Amino acid sequence: MIIPEQIRGARAMLGLTQAELAKSAGISTTGLNNIERGIADPKASTLRAIQAALEKAGIIFQSDGEMVAGGAGVRLARLKE
């Protein structure tokens, strides 16, 4: 499952506001804010919806084998030239 730091980082890479990501994921902006701050205990289905919205926008979540220093990472998909 994705973690708050990944969500914040991915959203920043894409230049999305919390409201934009929340709308794409089908959740409330307040709910996303609480998840990003780590004060909510979201359902797995909510995290999957956020992850799917971010992946659709071009984010790749790095697997355990691709972890970066400090924890799990995210990166933008390479654009085809």
# chains A, B, ... in the order shown; residues from 1 in each chain; ligands from 1
call {"tool": "residues_around", "arguments": {"residues": "range 35-38 of chain A", "least_positions_apart": "2", "cutoff": "7 Å", "atoms": "only C-alpha atoms", "output": "PyMOL selection string"}}
result
chain A and resi 4+7-8+31-33+40+42
call {"tool": "residues_around", "arguments": {"residues": "Ala77 in chain A", "least_positions_apart": "6", "cutoff": "8 Å", "atoms": "only C-alpha atoms", "output": "ChimeraX atom specification"}}
result
/A:58-60
call {"tool": "select_by_dssp", "arguments": {"residues": "chain A", "states": "helix (DSSP H, G or I)", "output": "PyMOL selection string"}}
result
chain A and resi 4-14+18-25+29-36+44-56+64-66
call {"tool": "closest_residue", "arguments": {"among": "A:Met1, A:Leu47, A:Ala10, A:Ile39", "to": "Gly73 in chain A", "atoms": "only C-alpha atoms"}}
result
A:Ala10
call {"tool": "residues_around", "arguments": {"residues": "Ala53 in chain A", "least_positions_apart": "6", "cutoff": "12 Å", "atoms": "only C-alpha atoms", "output": "NGL selection string"}}
result
:A and (7 or 10-11 or 14 or 16 or 20-27 or 46-47 or 59-60)
call {"tool": "atom_distance", "arguments": {"atom1": "CA of Gly15 in chain A", "atom2": "CA of Leu76 in chain A"}}
result
11.7 Å
call {"tool": "select_by_dssp", "arguments": {"residues": "chain A", "states": "strand (DSSP E or B)", "output": "ChimeraX atom specification"}}
result
/A:59-61,68,71,74-76
call {"tool": "write_last_selection", "arguments": {"atoms": "all heavy atoms", "output": "short mmCIF file (atom, residue, chain, number, x, y, z; two decimals), in the first residue's frame"}}
result
data_model
loop_
_atom_site.label_atom_id
_atom_site.label_comp_id
_atom_site.auth_asym_id
_atom_site.auth_seq_id
_atom_site.Cartn_x
_atom_site.Cartn_y
_atom_site.Cartn_z
N ILE A 59 2.33 8.60 -12.76
CA ILE A 59 3.24 8.26 -11.66
C ILE A 59 3.47 6.75 -11.63
O ILE A 59 2.56 5.96 -11.87
CB ILE A 59 2.65 8.71 -10.30
CG1 ILE A 59 2.68 10.23 -10.20
CG2 ILE A 59 3.37 8.07 -9.12
CD1 ILE A 59 4.06 10.86 -10.13
N ILE A 60 4.70 6.38 -11.32
CA ILE A 60 5.06 4.98 -11.10
C ILE A 60 5.51 4.86 -9.66
O ILE A 60 6.41 5.59 -9.21
CB ILE A 60 6.17 4.52 -12.05
CG1 ILE A 60 5.67 4.57 -13.50
CG2 ILE A 60 6.66 3.12 -11.68
CD1 ILE A 60 6.72 4.25 -14.53
N PHE A 61 4.90 3.97 -8.93
CA PHE A 61 5.29 3.71 -7.55
C PHE A 61 6.37 2.65 -7.57
O PHE A 61 6.20 1.60 -8.17
CB PHE A 61 4.09 3.27 -6.70
CG PHE A 61 3.13 4.39 -6.46
CD1 PHE A 61 2.08 4.63 -7.33
CD2 PHE A 61 3.30 5.24 -5.38
CE1 PHE A 61 1.21 5.69 -7.14
CE2 PHE A 61 2.44 6.31 -5.17
CZ PHE A 61 1.39 6.53 -6.05
N VAL A 68 14.21 3.94 -2.56
CA VAL A 68 15.24 4.97 -2.50
C VAL A 68 15.61 5.19 -1.04
O VAL A 68 14.92 4.75 -0.14
CB VAL A 68 14.72 6.29 -3.12
CG1 VAL A 68 14.48 6.11 -4.61
CG2 VAL A 68 13.46 6.77 -2.45
N GLY A 71 13.11 5.35 2.20
CA GLY A 71 11.83 4.67 2.07
C GLY A 71 11.39 4.48 0.63
O GLY A 71 12.15 4.68 -0.30
N VAL A 74 8.62 7.28 -5.55
CA VAL A 74 7.74 7.47 -6.70
C VAL A 74 8.56 8.15 -7.78
O VAL A 74 9.55 8.81 -7.50
CB VAL A 74 6.50 8.34 -6.36
CG1 VAL A 74 5.63 7.67 -5.32
CG2 VAL A 74 6.91 9.72 -5.90
N ARG A 75 8.13 7.96 -9.02
CA ARG A 75 8.78 8.66 -10.11
C ARG A 75 7.77 8.86 -11.22
O ARG A 75 6.74 8.21 -11.27
CB ARG A 75 10.00 7.90 -10.63
CG ARG A 75 9.70 6.58 -11.30
CD ARG A 75 10.99 5.92 -11.80
NE ARG A 75 10.78 4.62 -12.33
CZ ARG A 75 10.42 4.35 -13.59
NH1 ARG A 75 10.23 5.32 -14.44
NH2 ARG A 75 10.25 3.11 -14.00
N LEU A 76 8.09 9.81 -12.09
CA LEU A 76 7.25 10.03 -13.25
C LEU A 76 7.58 8.99 -14.30
O LEU A 76 8.74 8.61 -14.46
CB LEU A 76 7.51 11.43 -13.83
CG LEU A 76 6.94 12.59 -13.05
CD1 LEU A 76 7.45 13.91 -13.62
CD2 LEU A 76 5.41 12.57 -13.08
#
call {"tool": "atom_distance", "arguments": {"atom1": "CA of Ser45 in chain A", "atom2": "CA of Gly9 in chain A"}}
result
20.2 Å
call {"tool": "atom_distance", "arguments": {"atom1": "CA of Ala44 in chain A", "atom2": "CA of Gln18 in chain A"}}
result
19.0 Å
call {"tool": "decode", "arguments": {"residues": "range 19-32 of chain A", "atoms": "all heavy atoms", "output": "PDB file, in the first residue's frame"}}
result
ATOM      1  N   ALA A  19      -7.289  19.207  -4.074  1.00  0.00           N
ATOM      2  CA  ALA A  19      -8.654  19.157  -4.619  1.00  0.00           C
ATOM      3  C   ALA A  19      -8.688  18.406  -5.947  1.00  0.00           C
ATOM      4  O   ALA A  19      -9.614  17.623  -6.195  1.00  0.00           O
ATOM      5  CB  ALA A  19      -9.205  20.571  -4.785  1.00  0.00           C
ATOM      6  N   GLU A  20      -7.691  18.638  -6.798  1.00  0.00           N
ATOM      7  CA  GLU A  20      -7.646  17.960  -8.095  1.00  0.00           C
ATOM      8  C   GLU A  20      -7.458  16.460  -7.934  1.00  0.00           C
ATOM      9  O   GLU A  20      -8.145  15.662  -8.574  1.00  0.00           O
ATOM     10  CB  GLU A  20      -6.528  18.539  -8.957  1.00  0.00           C
ATOM     11  CG  GLU A  20      -6.798  19.955  -9.419  1.00  0.00           C
ATOM     12  CD  GLU A  20      -5.589  20.636 -10.016  1.00  0.00           C
ATOM     13  OE1 GLU A  20      -4.432  20.309  -9.662  1.00  0.00           O
ATOM     14  OE2 GLU A  20      -5.797  21.538 -10.856  1.00  0.00           O
ATOM     15  N   LEU A  21      -6.528  16.057  -7.055  1.00  0.00           N
ATOM     16  CA  LEU A  21      -6.302  14.631  -6.841  1.00  0.00           C
ATOM     17  C   LEU A  21      -7.510  13.989  -6.184  1.00  0.00           C
ATOM     18  O   LEU A  21      -7.924  12.889  -6.570  1.00  0.00           O
ATOM     19  CB  LEU A  21      -5.045  14.388  -6.004  1.00  0.00           C
ATOM     20  CG  LEU A  21      -4.775  12.930  -5.644  1.00  0.00           C
ATOM     21  CD1 LEU A  21      -4.704  12.041  -6.887  1.00  0.00           C
ATOM     22  CD2 LEU A  21      -3.498  12.813  -4.816  1.00  0.00           C
ATOM     23  N   ALA A  22      -8.081  14.654  -5.200  1.00  0.00           N
ATOM     24  CA  ALA A  22      -9.250  14.107  -4.516  1.00  0.00           C
ATOM     25  C   ALA A  22     -10.386  13.854  -5.507  1.00  0.00           C
ATOM     26  O   ALA A  22     -11.019  12.800  -5.474  1.00  0.00           O
ATOM     27  CB  ALA A  22      -9.705  15.050  -3.404  1.00  0.00           C
ATOM     28  N   LYS A  23     -10.623  14.802  -6.402  1.00  0.00           N
ATOM     29  CA  LYS A  23     -11.674  14.641  -7.399  1.00  0.00           C
ATOM     30  C   LYS A  23     -11.379  13.447  -8.301  1.00  0.00           C
ATOM     31  O   LYS A  23     -12.265  12.628  -8.572  1.00  0.00           O
ATOM     32  CB  LYS A  23     -11.811  15.911  -8.232  1.00  0.00           C
ATOM     33  CG  LYS A  23     -12.923  15.848  -9.245  1.00  0.00           C
ATOM     34  CD  LYS A  23     -13.074  17.160  -9.997  1.00  0.00           C
ATOM     35  CE  LYS A  23     -14.199  17.056 -11.015  1.00  0.00           C
ATOM     36  NZ  LYS A  23     -14.379  18.310 -11.748  1.00  0.00           N
ATOM     37  N   SER A  24     -10.124  13.324  -8.750  1.00  0.00           N
ATOM     38  CA  SER A  24      -9.741  12.206  -9.620  1.00  0.00           C
ATOM     39  C   SER A  24      -9.905  10.862  -8.927  1.00  0.00           C
ATOM     40  O   SER A  24     -10.235   9.869  -9.553  1.00  0.00           O
ATOM     41  CB  SER A  24      -8.288  12.347 -10.074  1.00  0.00           C
ATOM     42  OG  SER A  24      -8.138  13.470 -10.899  1.00  0.00           O
ATOM     43  N   ALA A  25      -9.647  10.844  -7.619  1.00  0.00           N
ATOM     44  CA  ALA A  25      -9.740   9.599  -6.854  1.00  0.00           C
ATOM     45  C   ALA A  25     -11.144   9.333  -6.330  1.00  0.00           C
ATOM     46  O   ALA A  25     -11.414   8.246  -5.800  1.00  0.00           O
ATOM     47  CB  ALA A  25      -8.750   9.640  -5.688  1.00  0.00           C
ATOM     48  N   GLY A  26     -12.026  10.315  -6.442  1.00  0.00           N
ATOM     49  CA  GLY A  26     -13.398  10.127  -5.974  1.00  0.00           C
ATOM     50  C   GLY A  26     -13.542  10.201  -4.466  1.00  0.00           C
ATOM     51  O   GLY A  26     -14.400   9.530  -3.890  1.00  0.00           O
ATOM     52  N   ILE A  27     -12.685  11.013  -3.839  1.00  0.00           N
ATOM     53  CA  ILE A  27     -12.774  11.186  -2.388  1.00  0.00           C
ATOM     54  C   ILE A  27     -12.859  12.680  -2.073  1.00  0.00           C
ATOM     55  O   ILE A  27     -12.664  13.519  -2.952  1.00  0.00           O
ATOM     56  CB  ILE A  27     -11.568  10.545  -1.649  1.00  0.00           C
ATOM     57  CG1 ILE A  27     -10.257  11.236  -2.037  1.00  0.00           C
ATOM     58  CG2 ILE A  27     -11.510   9.047  -1.922  1.00  0.00           C
ATOM     59  CD1 ILE A  27      -9.068  10.776  -1.216  1.00  0.00           C
ATOM     60  N   SER A  28     -13.103  13.005  -0.803  1.00  0.00           N
ATOM     61  CA  SER A  28     -13.182  14.413  -0.422  1.00  0.00           C
ATOM     62  C   SER A  28     -11.783  15.006  -0.257  1.00  0.00           C
ATOM     63  O   SER A  28     -10.826  14.306   0.061  1.00  0.00           O
ATOM     64  CB  SER A  28     -13.961  14.574   0.888  1.00  0.00           C
ATOM     65  OG  SER A  28     -13.190  14.098   1.983  1.00  0.00           O
ATOM     66  N   THR A  29     -11.707  16.313  -0.458  1.00  0.00           N
ATOM     67  CA  THR A  29     -10.436  17.011  -0.255  1.00  0.00           C
ATOM     68  C   THR A  29     -10.008  16.905   1.204  1.00  0.00           C
ATOM     69  O   THR A  29      -8.829  16.696   1.495  1.00  0.00           O
ATOM     70  CB  THR A  29     -10.563  18.493  -0.675  1.00  0.00           C
ATOM     71  OG1 THR A  29     -10.973  18.538  -2.045  1.00  0.00           O
ATOM     72  CG2 THR A  29      -9.250  19.230  -0.525  1.00  0.00           C
ATOM     73  N   THR A  30     -10.947  17.013   2.109  1.00  0.00           N
ATOM     74  CA  THR A  30     -10.633  16.885   3.538  1.00  0.00           C
ATOM     75  C   THR A  30     -10.081  15.496   3.838  1.00  0.00           C
ATOM     76  O   THR A  30      -9.106  15.357   4.587  1.00  0.00           O
ATOM     77  CB  THR A  30     -11.886  17.151   4.397  1.00  0.00           C
ATOM     78  OG1 THR A  30     -12.356  18.468   4.123  1.00  0.00           O
ATOM     79  CG2 THR A  30     -11.580  17.013   5.880  1.00  0.00           C
ATOM     80  N   GLY A  31     -10.685  14.490   3.240  1.00  0.00           N
ATOM     81  CA  GLY A  31     -10.205  13.124   3.448  1.00  0.00           C
ATOM     82  C   GLY A  31      -8.781  12.956   2.953  1.00  0.00           C
ATOM     83  O   GLY A  31      -7.939  12.369   3.634  1.00  0.00           O
ATOM     84  N   LEU A  32      -8.483  13.478   1.765  1.00  0.00           N
ATOM     85  CA  LEU A  32      -7.128  13.393   1.227  1.00  0.00           C
ATOM     86  C   LEU A  32      -6.154  14.161   2.110  1.00  0.00           C
ATOM     87  O   LEU A  32      -5.059  13.675   2.396  1.00  0.00           O
ATOM     88  CB  LEU A  32      -7.074  13.925  -0.207  1.00  0.00           C
ATOM     89  CG  LEU A  32      -5.685  13.932  -0.847  1.00  0.00           C
ATOM     90  CD1 LEU A  32      -5.099  12.521  -0.924  1.00  0.00           C
ATOM     91  CD2 LEU A  32      -5.720  14.571  -2.221  1.00  0.00           C
TER      92      LEU A  32
END
